[in-house]
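Single-structure report; data block below.
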Amino acid sequence: MAKEFENKTVFITGAAKGQGKAVALALAQEGANIIAFDLGEKIEYPAYNRSSNQDLESLKDEVEAIGAKIVIYAGDVRNEADVKEAVERGVKEFGGIDILFSNAGIAAYGHSWELTEKQWDAMIDINLKGGWLVSKYVIPELIKKNSGVIIYNSSVAGLRGFGRMSHYSASKHGLVGLAKAQAIELAPYNIRVVTLHPTGVNTPMNDGLAELEGTTPIEIAERSAGNLLKTPWIETEDVVEAVKYLASKKARFITGSQFVLDAGLLTR
């Protein structure tokens with residue numbers, strides 16, 4: 001029996017940890033080729049981000065152990081040269097790209113009037129500009145195939161405001177506008193564009209936010225979420241199943257939409 005994503009090539013940003021890594025491994029298990037893009041060094045903001053090349057190397061080992069193929073690239077989604085080279089390297093290896101999971105992002109706290117300009121710019125540039133910049137170079141490859149799917153990993157914060165997270169909320173709302181516009185632009189090429197809106201997800205980001213706040217990951221999740229269903233967070237496998245569905249033929253008529261995975265949070 002053919003695997004769901006046999007011979008498909010998936011470009012994933014923020015691929016070395018958390019949701020990105022889980023999606024990379026799951027799609028590799030389903031036969032996909034993986035182009036994994038992630039930051040290979042620590043950045044100034046937020047302070048908890050301690051990315052390293054070793055994270056990508058570990059992912060490569062795990063994907064190859066599955067029997068799938070992978071190209072890794074350590075780069076910054078804010079850097080056009082990095083993005084362009086990663087796309088070119090992946091296309092050279094696999095012949096094209098079929099799916100983009102734009103997942104790279106950061107989160108941090110701060111009242112809107114207390115944020116520095118650098119903090120604001122870092123959030124918007126990584127979460128929003130980074131999504132657009134990667135799509136800028138992936139879209140021509142999808143157009144060549146006259147098919148494809150772009151999934152932007154937004155957040156429940158992309159559909160409502162969150163106090164002390166104005167820059168984060170603005171960046172995630174921005175992805176919705178970007179996706180809606182691109183869905184219109186790309187429909188003639190049979191390319192679908194959607195946003196995914198999870199509630200809090202059990203990933204290392206929670207550990208980092210807890211470190212900044214001097215509390216625990218579970219307290220961060222419970223304070224931020226307010227889910228209707230009795231869970232402080234969802235798991236990466238929940239995100240994986242959503243991405244697999246949205247990227248598959250089962251979702252062939254879903255585009256320009258917001259796929260909510262919120263444990264009831266937005267119902268409140």
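A note on labels: chains of the structure tokens are A, B, ... as shown, every chain counts residues from 1, and ligands are counted from 1 in their shown order.
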Point to revise | DSSP-assigned strand (DSSP E or B) among segment 117-245 of chain A, expressed as an MDAnalysis selection string | key: chainID A and resid 148:153 165 191:198 201 234
Report as CSV the residues of segment 199-250 of chain A within 10 Å of segment 2-15 of chain A, each with its shortest atom pair and distance in Å (one decimal), using only C-alpha atoms, ordered by chain and increasing residue number.
```
residue,atom,partner,partner_atom,distance
A:Lys244,CA,A:Glu4,CA,8.7
A:Ala247,CA,A:Phe5,CA,9.0
A:Ser248,CA,A:Glu4,CA,7.6
A:Lys249,CA,A:Glu4,CA,9.3
```
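Using only C-alpha atoms, the shortest contact distance between Val240 of chain A and any of A:Ile70, A:Leu196, A:Phe94, A:Val83 is found at A:Leu196.
With only C-alpha atoms as the atoms that count, the minimum distance from Val23 of chain A to the choices A:Val63, A:Ile254, A:Val71, A:Ala187 is reached by A:Val63.
Distances from A:Gly148, A:Gly18, A:Pro46, A:Gly31 to Gly208 of chain A were compared using only C-alpha atoms, and the smallest one belongs to A:Pro46.
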Check your understanding: Hey, what does DSSP flag as helix (DSSP H, G or I) within segment 5-131 of chain A? Can you give it to me as a PyMOL selection string?
Key -> chain A and resi 18-29+53-66+80-94+117-131
